[in-house]
>>> print(open('start32.pdb').read())   # PDB, C-alpha atoms
MODEL        1
ATOM      1  CA  MET A 806       9.473 -17.597  14.583
ATOM      2  CA  GLN A 807      11.896 -14.836  15.587
ATOM      3  CA  CYS A 808      12.630 -12.011  13.151
ATOM      4  CA  ASP A 809      15.079  -9.142  13.451
ATOM      5  CA  ILE A 810      15.084  -6.393  10.833
ATOM      6  CA  LEU A 811      18.115  -4.116  10.433
ATOM      7  CA  THR A 812      17.138  -0.961   8.588
ATOM      8  CA  LEU A 813      17.853   2.735   8.153
ATOM      9  CA  PHE A 814      14.096   3.391   8.170
ATOM     10  CA  PRO A 815      12.555   1.683  11.218
ATOM     11  CA  ASP A 816       9.300   3.659  11.051
ATOM     12  CA  MET A 817       8.681   2.383   7.539
ATOM     13  CA  VAL A 818       8.925  -1.197   8.777
ATOM     14  CA  ALA A 819       7.062  -0.658  12.054
ATOM     15  CA  ASN A 820       4.004   0.691  10.255
ATOM     16  CA  VAL A 821       3.607  -2.552   8.317
ATOM     17  CA  VAL A 822       4.277  -5.139  11.033
ATOM     18  CA  SER A 823       1.827  -3.434  13.408
ATOM     19  CA  HIS A 824      -1.226  -4.336  11.320
ATOM     20  CA  SER A 825      -3.353  -7.292  10.234
ATOM     21  CA  ILE A 826      -2.262 -10.915  10.533
ATOM     22  CA  VAL A 827       1.373 -10.094  11.301
ATOM     23  CA  LYS A 828       0.306  -8.019  14.310
ATOM     24  CA  ARG A 829      -2.069 -10.726  15.517
ATOM     25  CA  ALA A 830       0.728 -13.289  15.243
ATOM     26  CA  GLN A 831       2.852 -11.133  17.537
ATOM     27  CA  ASP A 832      -0.028 -10.568  19.951
ATOM     28  CA  LYS A 833      -0.401 -14.361  20.232
ATOM     29  CA  ASN A 834       3.359 -14.681  20.884
ATOM     30  CA  LEU A 835       3.653 -16.954  17.870
ATOM     31  CA  VAL A 836       6.037 -14.557  16.152
ATOM     32  CA  SER A 837       8.561 -12.060  17.470
ATOM     33  CA  ILE A 838       9.580  -9.140  15.242
ATOM     34  CA  ARG A 839      12.202  -6.696  16.421
ATOM     35  CA  ILE A 840      13.311  -3.661  14.446
ATOM     36  CA  HIS A 841      16.822  -2.244  14.764
ATOM     37  CA  ASP A 842      17.931   1.164  13.485
ATOM     38  CA  ILE A 843      21.333   0.689  11.872
ATOM     39  CA  ARG A 844      22.133   4.339  12.573
ATOM     40  CA  ASP A 845      22.167   3.531  16.300
ATOM     41  CA  PHE A 846      25.311   1.490  15.690
ATOM     42  CA  SER A 847      27.229   4.223  13.883
ATOM     43  CA  ASP A 848      30.191   5.861  15.636
ATOM     44  CA  ASP A 849      29.494   9.093  13.761
ATOM     45  CA  PRO A 850      28.147  11.910  16.005
ATOM     46  CA  HIS A 851      25.460  12.569  13.390
ATOM     47  CA  ARG A 852      24.574   8.857  13.169
ATOM     48  CA  VAL A 853      25.706   8.638   9.534
ATOM     49  CA  ALA A 854      25.661   5.059   8.254
ATOM     50  CA  ASP A 855      26.506   5.576   4.565
ATOM     51  CA  ASP A 856      29.259   7.146   2.491
ATOM     52  CA  THR A 857      30.387   7.737  -1.093
ATOM     53  CA  PRO A 858      31.642   4.772  -3.133
ATOM     54  CA  TYR A 859      35.325   4.121  -3.698
ATOM     55  CA  GLY A 860      36.121   4.416  -7.381
ATOM     56  CA  GLY A 861      33.543   7.121  -7.907
ATOM     57  CA  GLY A 862      30.020   6.883  -9.170
ATOM     58  CA  ALA A 863      26.571   8.046  -8.194
ATOM     59  CA  GLY A 864      24.736   7.295  -4.973
ATOM     60  CA  MET A 865      25.771   6.291  -1.483
ATOM     61  CA  ILE A 866      26.882   2.968  -0.031
ATOM     62  CA  MET A 867      25.836   1.650   3.387
ATOM     63  CA  LYS A 868      28.878   1.345   5.636
ATOM     64  CA  ALA A 869      29.982  -2.063   6.884
ATOM     65  CA  GLU A 870      30.906  -1.307  10.497
ATOM     66  CA  PRO A 871      27.435  -0.220  11.742
ATOM     67  CA  ILE A 872      25.983  -3.418  10.278
ATOM     68  CA  PHE A 873      28.674  -5.569  11.893
ATOM     69  CA  ARG A 874      27.977  -3.954  15.261
ATOM     70  CA  ALA A 875      24.227  -4.396  14.876
ATOM     71  CA  VAL A 876      24.642  -8.115  14.216
ATOM     72  CA  GLU A 877      27.190  -8.536  17.022
ATOM     73  CA  ALA A 878      24.775  -6.860  19.447
ATOM     74  CA  PHE A 879      22.642 -10.007  19.347
ATOM     75  CA  GLY A 880      25.294 -11.564  21.549
ATOM     76  CA  GLU A 881      24.732 -15.055  20.175
ATOM     77  CA  GLU A 882      26.818 -17.559  18.306
ATOM     78  CA  ARG A 883      26.656 -17.095  14.548
ATOM     79  CA  ASN A 884      24.965 -20.468  14.105
ATOM     80  CA  GLN A 885      22.062 -19.267  16.245
ATOM     81  CA  TYR A 886      20.752 -16.930  13.558
ATOM     82  CA  ARG A 887      20.192 -16.968   9.806
ATOM     83  CA  ILE A 888      21.051 -13.751   7.969
ATOM     84  CA  ILE A 889      19.121 -12.722   4.865
ATOM     85  CA  VAL A 890      19.822  -9.812   2.517
ATOM     86  CA  PRO A 891      17.058  -8.950   0.036
ATOM     87  CA  SER A 892      18.757  -8.509  -3.332
ATOM     88  CA  PRO A 893      17.822  -8.864  -7.023
ATOM     89  CA  GLN A 894      21.006 -10.947  -7.308
ATOM     90  CA  GLY A 895      19.714 -13.518  -4.843
ATOM     91  CA  ARG A 896      17.889 -16.830  -4.803
ATOM     92  CA  PRO A 897      14.293 -16.437  -6.027
ATOM     93  CA  PHE A 898      11.851 -16.253  -3.130
ATOM     94  CA  THR A 899       9.093 -18.854  -3.471
ATOM     95  CA  GLN A 900       6.271 -20.360  -1.433
ATOM     96  CA  ARG A 901       8.553 -23.280  -0.615
ATOM     97  CA  LEU A 902      11.135 -20.895   0.784
ATOM     98  CA  ALA A 903       8.429 -19.122   2.802
ATOM     99  CA  GLU A 904       7.473 -22.503   4.284
ATOM    100  CA  GLU A 905      11.111 -23.160   5.121
ATOM    101  CA  LEU A 906      11.448 -19.828   6.918
ATOM    102  CA  SER A 907       8.216 -20.380   8.847
ATOM    103  CA  ARG A 908       9.756 -23.537  10.347
ATOM    104  CA  GLU A 909      13.178 -22.013  11.048
ATOM    105  CA  SER A 910      14.277 -22.502  14.671
ATOM    106  CA  ARG A 911      17.082 -19.962  14.433
ATOM    107  CA  ARG A 912      16.580 -16.206  14.592
ATOM    108  CA  LEU A 913      15.963 -14.745  11.163
ATOM    109  CA  VAL A 914      17.908 -11.539  10.593
ATOM    110  CA  TRP A 915      17.091  -9.353   7.601
ATOM    111  CA  ILE A 916      19.668  -6.735   6.612
ATOM    112  CA  CYS A 917      17.906  -4.135   4.481
ATOM    113  CA  GLY A 918      20.159  -2.408   1.999
ATOM    114  CA  HIS A 919      19.386   1.048   0.686
ATOM    115  CA  TYR A 920      20.727   3.654  -1.740
ATOM    116  CA  GLU A 921      23.268   1.961  -4.057
ATOM    117  CA  GLY A 922      23.713  -1.041  -1.790
ATOM    118  CA  ILE A 923      25.772  -2.445   1.070
ATOM    119  CA  ASP A 924      29.557  -2.462   1.428
ATOM    120  CA  GLU A 925      30.649  -5.780  -0.079
ATOM    121  CA  ARG A 926      32.626  -6.645   3.044
ATOM    122  CA  VAL A 927      29.350  -7.294   4.848
ATOM    123  CA  LEU A 928      28.580 -10.062   2.364
ATOM    124  CA  ILE A 929      32.137 -11.401   2.544
ATOM    125  CA  ARG A 930      32.309 -11.533   6.347
ATOM    126  CA  LEU A 931      28.746 -12.438   7.327
ATOM    127  CA  GLU A 932      27.994 -14.661   4.320
ATOM    128  CA  PRO A 933      24.253 -13.917   4.347
ATOM    129  CA  GLU A 934      21.719 -15.578   2.069
ATOM    130  CA  GLU A 935      20.660 -13.237  -0.711
ATOM    131  CA  MET A 936      16.983 -13.597  -1.662
ATOM    132  CA  SER A 937      15.165 -11.945  -4.541
ATOM    133  CA  LEU A 938      11.526 -11.110  -5.217
ATOM    134  CA  GLY A 939      12.229 -10.729  -8.928
ATOM    135  CA  ASP A 940      14.391  -9.251 -11.638
ATOM    136  CA  TYR A 941      13.878  -5.608 -10.729
ATOM    137  CA  VAL A 942      15.412  -3.050  -8.380
ATOM    138  CA  LEU A 943      13.682  -1.250  -5.499
ATOM    139  CA  THR A 944      14.920   1.694  -3.455
ATOM    140  CA  GLY A 945      15.714  -0.526  -0.508
ATOM    141  CA  GLY A 946      15.424  -3.937   1.084
ATOM    142  CA  GLU A 947      12.646  -3.010   3.490
ATOM    143  CA  LEU A 948       9.724  -3.878   1.213
ATOM    144  CA  PRO A 949      11.164  -7.237   0.084
ATOM    145  CA  ALA A 950      11.967  -8.141   3.705
ATOM    146  CA  LEU A 951       8.409  -7.337   4.734
ATOM    147  CA  VAL A 952       7.001  -9.410   1.880
ATOM    148  CA  MET A 953       9.137 -12.392   2.888
ATOM    149  CA  ILE A 954       8.183 -12.045   6.547
ATOM    150  CA  ASP A 955       4.491 -11.726   5.723
ATOM    151  CA  ALA A 956       4.612 -14.813   3.491
ATOM    152  CA  ALA A 957       6.359 -16.849   6.194
ATOM    153  CA  VAL A 958       4.400 -15.601   9.215
ATOM    154  CA  ARG A 959       1.020 -16.663   7.847
ATOM    155  CA  LEU A 960       2.359 -20.225   7.543
ATOM    156  CA  VAL A 961       3.308 -20.459  11.221
ATOM    157  CA  PRO A 962       0.832 -22.867  12.883
ATOM    158  CA  GLY A 963      -1.871 -20.987  14.768
ATOM    159  CA  VAL A 964      -1.400 -17.662  12.988
ATOM    160  CA  VAL A 965      -4.238 -18.116  10.488
ATOM    161  CA  GLY A 966      -7.497 -19.184  12.124
ATOM    162  CA  ASP A 967      -8.481 -21.776   9.522
ATOM    163  CA  PRO A 968      -5.386 -23.687   8.365
ATOM    164  CA  THR A 969      -7.183 -24.974   5.261
ATOM    165  CA  SER A 970      -7.190 -21.432   3.857
ATOM    166  CA  VAL A 971      -3.387 -21.573   3.830
ATOM    167  CA  GLU A 972      -3.260 -25.108   2.465
ATOM    168  CA  GLN A 973      -5.385 -24.062  -0.540
ATOM    169  CA  ASP A 974      -3.329 -20.985  -1.441
ATOM    170  CA  SER A 975      -1.761 -20.532  -4.835
ATOM    171  CA  PHE A 976       1.664 -22.240  -4.824
ATOM    172  CA  ALA A 977       0.849 -24.247  -1.679
ATOM    173  CA  GLU A 978       1.160 -26.930  -4.324
ATOM    174  CA  PRO A 979       2.397 -26.185  -7.863
ATOM    175  CA  LEU A 980      -1.013 -24.897  -8.959
ATOM    176  CA  LEU A 981      -2.641 -21.500  -8.788
ATOM    177  CA  ASP A 982      -5.677 -21.012  -6.573
ATOM    178  CA  PHE A 983      -9.287 -21.429  -7.699
ATOM    179  CA  PRO A 984     -11.660 -18.394  -7.899
ATOM    180  CA  HIS A 985     -13.424 -17.215  -4.748
ATOM    181  CA  TYR A 986     -16.866 -15.614  -4.336
ATOM    182  CA  THR A 987     -18.798 -14.096  -1.432
ATOM    183  CA  LYS A 988     -22.202 -12.463  -0.836
ATOM    184  CA  PRO A 989     -24.286 -11.118  -2.470
ATOM    185  CA  GLN A 990     -25.136 -13.788  -5.020
ATOM    186  CA  THR A 991     -25.444 -11.248  -7.862
ATOM    187  CA  VAL A 992     -23.138  -8.243  -8.335
ATOM    188  CA  ARG A 993     -23.885  -5.952 -11.295
ATOM    189  CA  GLY A 994     -25.284  -8.829 -13.288
ATOM    190  CA  TYR A 995     -22.464 -11.245 -12.472
ATOM    191  CA  GLN A 996     -23.661 -14.453 -10.792
ATOM    192  CA  VAL A 997     -21.904 -16.812  -8.437
ATOM    193  CA  PRO A 998     -21.413 -20.155 -10.249
ATOM    194  CA  ASP A 999     -24.363 -22.417  -9.569
ATOM    195  CA  VAL A1000     -22.200 -25.271  -8.318
ATOM    196  CA  LEU A1001     -21.073 -23.204  -5.322
ATOM    197  CA  LEU A1002     -24.721 -22.810  -4.285
ATOM    198  CA  SER A1003     -25.571 -26.482  -4.743
ATOM    199  CA  GLY A1004     -24.473 -27.800  -1.377
ATOM    200  CA  ASN A1005     -22.891 -30.753  -3.197
ATOM    201  CA  HIS A1006     -19.445 -30.920  -1.585
ATOM    202  CA  GLU A1007     -17.979 -33.363  -4.087
ATOM    203  CA  ALA A1008     -19.157 -31.259  -7.050
ATOM    204  CA  ILE A1009     -17.724 -28.143  -5.392
ATOM    205  CA  ARG A1010     -14.377 -29.886  -4.749
ATOM    206  CA  ARG A1011     -14.181 -31.040  -8.375
ATOM    207  CA  TRP A1012     -15.134 -27.568  -9.679
ATOM    208  CA  ARG A1013     -12.468 -25.924  -7.548
ATOM    209  CA  ARG A1014      -9.823 -28.369  -8.722
ATOM    210  CA  LYS A1015     -10.791 -27.831 -12.331
ATOM    211  CA  GLU A1016     -10.698 -24.042 -11.975
ATOM    212  CA  ALA A1017      -7.316 -24.228 -10.266
ATOM    213  CA  LEU A1018      -6.045 -26.222 -13.226
ATOM    214  CA  ARG A1019      -7.693 -23.763 -15.634
ATOM    215  CA  ASN A1020      -6.068 -20.799 -13.891
ATOM    216  CA  THR A1021      -2.691 -22.491 -13.968
ATOM    217  CA  TYR A1022      -3.032 -23.495 -17.618
ATOM    218  CA  SER A1023      -4.029 -19.985 -18.724
ATOM    219  CA  LYS A1024      -1.692 -17.943 -16.499
ATOM    220  CA  ARG A1025       1.275 -20.140 -15.562
ATOM    221  CA  PRO A1026       1.371 -23.225 -17.817
ATOM    222  CA  ASP A1027       4.996 -23.777 -16.811
ATOM    223  CA  LEU A1028       3.788 -24.910 -13.398
ATOM    224  CA  LEU A1029       1.848 -27.805 -14.890
ATOM    225  CA  GLN A1030       5.085 -29.334 -16.074
ATOM    226  CA  GLN A1031       6.225 -29.567 -12.471
ATOM    227  CA  GLU A1032       3.007 -31.032 -11.141
ATOM    228  CA  SER A1033       2.456 -34.750 -10.694
ATOM    229  CA  LEU A1034      -1.043 -34.851 -12.108
ATOM    230  CA  THR A1035      -3.605 -37.371 -10.941
ATOM    231  CA  GLN A1036      -5.886 -39.225 -13.326
ATOM    232  CA  GLU A1037      -8.660 -36.848 -12.334
ATOM    233  CA  ASP A1038      -6.424 -33.851 -13.083
ATOM    234  CA  ARG A1039      -5.668 -35.201 -16.548
ATOM    235  CA  GLN A1040      -9.339 -35.683 -17.271
ATOM    236  CA  LEU A1041     -10.165 -32.197 -16.032
ATOM    237  CA  LEU A1042      -7.375 -30.724 -18.159
ATOM    238  CA  SER A1043      -8.706 -32.621 -21.157
ATOM    239  CA  ASP A1044     -12.117 -31.077 -20.536
ATOM    240  CA  ILE A1045     -10.506 -27.635 -20.279
ATOM    241  CA  PHE A1046      -8.629 -28.114 -23.576
ATOM    242  CA  GLN A1047     -11.829 -29.151 -25.317
ATOM    243  CA  GLU A1048     -13.667 -26.115 -23.955
ATOM    244  CA  CYS A1049     -10.880 -23.858 -25.211
ATOM    245  CA  GLU A1050     -11.049 -25.434 -28.681
ATOM    246  CA  CYS A1051     -14.810 -24.938 -28.794
ATOM    247  CA  ARG A1052     -14.462 -21.285 -27.927
ATOM    248  CA  GLY A1053     -11.632 -20.836 -30.391
TER     249      GLY A1053
ENDMDL
END
>>> encode(input="start32.pdb", output="structure tokens")
Amino acid sequence: MQCDILTLFPDMVANVVSHSIVKRAQDKNLVSIRIHDIRDFSDDPHRVADDTPYGGGAGMIMKAEPIFRAVEAFGEERNQYRIIVPSPQGRPFTQRLAEELSRESRRLVWICGHYEGIDERVLIRLEPEEMSLGDYVLTGGELPALVMIDAAVRLVPGVVGDPTSVEQDSFAEPLLDFPHYTKPQTVRGYQVPDVLLSGNHEAIRRWRRKEALRNTYSKRPDLLQQESLTQEDRQLLSDIFQECECRG
């Protein structure tokens, strides 16, 4: 997986990708992440890469030409890389999209907007994919780009030591994850569920599936409508409904 990040704030990005799993992925040469300062491609003697908007209005707009030059500096055919612009106007970013990016053979190029946005001619000429983390606005595209990269990197084979931990994540299938516990057995009066201490692998599997269904039902019931439920799932959901009625 090859990632290139175009940004006005390279230090902000570098601090994140130099830690934890993303750093280990790079150390193993499973992932390549390169950071490019858009200001380096400005023809302004003061490295200015933004200007005031035509038509008036508040804020500054990132200039098109430095971004064009940064992309052209890759020296590859356009079909050799996939350009992404984080934007609240874009396609919602999901686990499925993270999986898609983790398998991408082309270079992934993130263009991080800032201030009031990017000159529209960048979108017209480069035709990037706009991707959104949600219906809200951040100060720039750096944080969304880092979230997308983090989500994709951990799905690259070999990055996470135990692949089953990735397979069981929330949204790895259209269900939320089950609860997790670690030592000690008692924390401030709260006990680990007995089933997890039983050593009965089938009982533990069934408990985890039931709790995943319970989590999904209580927090994101819309996901259950998308899930092809097994007979066991339906029975577990029935048990959950009955428990809810008893408590109610």
>>> atom_distance(input="start32.pdb", atom1="atom CA of Val1000 of chain A", atom2="atom CA of Asp1044 of chain A")
16.9 Å
>>> closest_residue(input="start32.pdb", among="A:Met806, A:Gln990, A:Phe873, A:Gly862", to="Lys833 of chain A", atoms="only C-alpha atoms")
A:Met806
>>> resolve_selection(input="start32.pdb", expression="the PyMOL selection byres ((chain A and resi 894-898) around 9)", output="number ranges by chain")
A: 890-893, 899-903, 934-940, 953
>>> closest_residue(input="start32.pdb", among="A:Ala878, A:Leu1002, A:Leu951, A:Ala1017", to="Ala819 of chain A", atoms="only C-alpha atoms")
A:Leu951
>>> atom_distance(input="start32.pdb", atom1="atom CA of Ile916 of chain A", atom2="atom CA of Ala956 of chain A")
17.4 Å
>>> residues_near_point(input="start32.pdb", point="(-11.7, -26.4, -15.6)", cutoff="7 Å", atoms="all atoms listed in the file", output="PyMOL selection string")
chain A and resi 1012+1015-1016+1018-1019+1041-1042+1044-1045
>>> resolve_selection(input="start32.pdb", expression="the PyMOL selection byres ((chain A and resi 846) around 10)", output="list of chain:residue names")
A:His841, A:Asp842, A:Ile843, A:Arg844, A:Asp845, A:Ser847, A:Asp848, A:Asp849, A:Arg852, A:Val853, A:Ala854, A:Glu870, A:Pro871, A:Ile872, A:Phe873, A:Arg874, A:Ala875, A:Val876, A:Ala878
>>> write_last_selection(input="start32.pdb", atoms="C-alpha atoms", output="PDB file, in the coordinates of the input")
ATOM      1  CA  HIS A 841      16.822  -2.244  14.764  1.00  0.00           C
ATOM      2  CA  ASP A 842      17.931   1.164  13.485  1.00  0.00           C
ATOM      3  CA  ILE A 843      21.333   0.689  11.872  1.00  0.00           C
ATOM      4  CA  ARG A 844      22.133   4.339  12.573  1.00  0.00           C
ATOM      5  CA  ASP A 845      22.167   3.531  16.300  1.00  0.00           C
ATOM      6  CA  SER A 847      27.229   4.223  13.883  1.00  0.00           C
ATOM      7  CA  ASP A 848      30.191   5.861  15.636  1.00  0.00           C
ATOM      8  CA  ASP A 849      29.494   9.093  13.761  1.00  0.00           C
ATOM      9  CA  ARG A 852      24.574   8.857  13.169  1.00  0.00           C
ATOM     10  CA  VAL A 853      25.706   8.638   9.534  1.00  0.00           C
ATOM     11  CA  ALA A 854      25.661   5.059   8.254  1.00  0.00           C
ATOM     12  CA  GLU A 870      30.906  -1.307  10.497  1.00  0.00           C
ATOM     13  CA  PRO A 871      27.435  -0.220  11.742  1.00  0.00           C
ATOM     14  CA  ILE A 872      25.983  -3.418  10.278  1.00  0.00           C
ATOM     15  CA  PHE A 873      28.674  -5.569  11.893  1.00  0.00           C
ATOM     16  CA  ARG A 874      27.977  -3.954  15.261  1.00  0.00           C
ATOM     17  CA  ALA A 875      24.227  -4.396  14.876  1.00  0.00           C
ATOM     18  CA  VAL A 876      24.642  -8.115  14.216  1.00  0.00           C
ATOM     19  CA  ALA A 878      24.775  -6.860  19.447  1.00  0.00           C
TER      20      ALA A 878
END
>>> residues_around(input="start32.pdb", residues="Ser1043 of chain A", least_positions_apart="4", cutoff="12 Å", atoms="all atoms listed in the file", output="NGL selection string")
:A and (1015 or 1018-1019 or 1022 or 1036-1039 or 1047-1050)
>>> decode(input="start32.pdb", residues="segment 836-938 of chain A", atoms="C-alpha atoms", output="compact mmCIF listing (two decimals), in the first residue's frame")
# COMPACT_ATOMS: atom_id res chain seq x y z
CA VAL A 836 3.10 0.32 3.72
CA SER A 837 4.83 3.37 2.27
CA ILE A 838 3.70 6.82 3.42
CA ARG A 839 5.26 9.91 1.92
CA ILE A 840 4.40 13.45 2.96
CA HIS A 841 4.66 16.36 0.54
CA ASP A 842 4.56 20.04 1.52
CA ILE A 843 2.37 21.81 -1.02
CA ARG A 844 4.23 25.05 -0.31
CA ASP A 845 7.34 23.52 -1.89
CA PHE A 846 5.54 23.63 -5.23
CA SER A 847 4.58 27.30 -5.06
CA ASP A 848 6.33 29.77 -7.38
CA ASP A 849 5.91 32.50 -4.77
CA PRO A 850 9.21 33.57 -3.12
CA HIS A 851 7.48 33.33 0.26
CA ARG A 852 6.06 29.88 -0.56
CA VAL A 853 2.47 31.16 -0.44
CA ALA A 854 -0.02 28.51 -1.56
CA ASP A 855 -3.34 30.26 -0.86
CA ASP A 856 -5.10 33.48 -1.81
CA THR A 857 -8.34 35.41 -1.34
CA PRO A 858 -11.50 34.12 -3.05
CA TYR A 859 -12.84 35.64 -6.24
CA GLY A 860 -16.23 37.18 -5.59
CA GLY A 861 -15.31 38.18 -2.07
CA GLY A 862 -16.00 36.45 1.18
CA ALA A 863 -14.13 35.36 4.27
CA GLY A 864 -11.17 33.02 4.45
CA MET A 865 -8.50 31.91 2.02
CA ILE A 866 -8.57 29.42 -0.85
CA MET A 867 -5.76 26.98 -1.65
CA LYS A 868 -4.29 27.78 -5.05
CA ALA A 869 -4.58 25.26 -7.88
CA GLU A 870 -1.13 25.50 -9.48
CA PRO A 871 0.96 24.28 -6.50
CA ILE A 872 -1.33 21.25 -6.22
CA PHE A 873 -1.07 20.51 -9.94
CA ARG A 874 2.72 20.66 -9.72
CA ALA A 875 2.80 18.44 -6.65
CA VAL A 876 0.76 15.77 -8.43
CA GLU A 877 2.77 16.08 -11.65
CA ALA A 878 5.99 15.61 -9.66
CA PHE A 879 5.08 11.95 -9.23
CA GLY A 880 6.11 11.53 -12.85
CA GLU A 881 3.65 8.71 -13.47
CA GLU A 882 0.69 8.19 -15.72
CA ARG A 883 -2.56 9.38 -14.17
CA ASN A 884 -3.94 5.84 -14.10
CA GLN A 885 -1.08 4.80 -11.82
CA TYR A 886 -2.47 6.68 -8.83
CA ARG A 887 -5.84 7.25 -7.18
CA ILE A 888 -6.47 10.77 -5.89
CA ILE A 889 -8.63 11.35 -2.82
CA VAL A 890 -9.83 14.66 -1.37
CA PRO A 891 -11.35 14.52 2.12
CA SER A 892 -14.54 16.57 1.97
CA PRO A 893 -17.90 16.67 3.79
CA GLN A 894 -19.43 16.70 0.29
CA GLY A 895 -17.92 13.33 -0.55
CA ARG A 896 -18.81 9.65 -0.49
CA PRO A 897 -19.22 8.39 3.09
CA PHE A 898 -16.11 6.57 4.29
CA THR A 899 -16.95 3.09 5.57
CA GLN A 900 -15.19 -0.10 6.61
CA ARG A 901 -15.87 -1.50 3.15
CA LEU A 902 -14.12 1.46 1.59
CA ALA A 903 -11.19 1.02 3.99
CA GLU A 904 -10.93 -2.60 2.83
CA GLU A 905 -10.98 -1.44 -0.78
CA LEU A 906 -8.16 1.04 -0.18
CA SER A 907 -6.08 -1.56 1.67
CA ARG A 908 -6.11 -3.70 -1.49
CA GLU A 909 -5.45 -0.84 -3.91
CA SER A 910 -2.48 -1.53 -6.22
CA ARG A 911 -2.21 2.07 -7.37
CA ARG A 912 -0.60 4.85 -5.35
CA LEU A 913 -3.11 6.54 -3.09
CA VAL A 914 -2.76 10.32 -3.12
CA TRP A 915 -4.57 12.39 -0.51
CA ILE A 916 -4.92 16.12 -1.20
CA CYS A 917 -5.63 17.84 2.10
CA GLY A 918 -7.63 21.02 1.77
CA HIS A 919 -7.44 23.76 4.36
CA TYR A 920 -8.91 27.18 5.17
CA GLU A 921 -12.06 27.67 3.03
CA GLY A 922 -11.16 24.90 0.61
CA ILE A 923 -9.38 24.14 -2.65
CA ASP A 924 -9.66 26.02 -5.95
CA GLU A 925 -12.43 24.23 -7.84
CA ARG A 926 -10.20 23.81 -10.88
CA VAL A 927 -8.27 21.13 -9.00
CA LEU A 928 -11.44 19.06 -8.78
CA ILE A 929 -12.33 19.78 -12.41
CA ARG A 930 -8.92 18.85 -13.83
CA LEU A 931 -7.79 16.01 -11.56
CA GLU A 932 -11.25 14.52 -10.94
CA PRO A 933 -10.36 13.17 -7.48
CA GLU A 934 -12.66 11.03 -5.36
CA GLU A 935 -14.18 13.06 -2.55
CA MET A 936 -14.60 11.08 0.68
CA SER A 937 -16.34 12.17 3.86
CA LEU A 938 -16.08 11.12 7.50
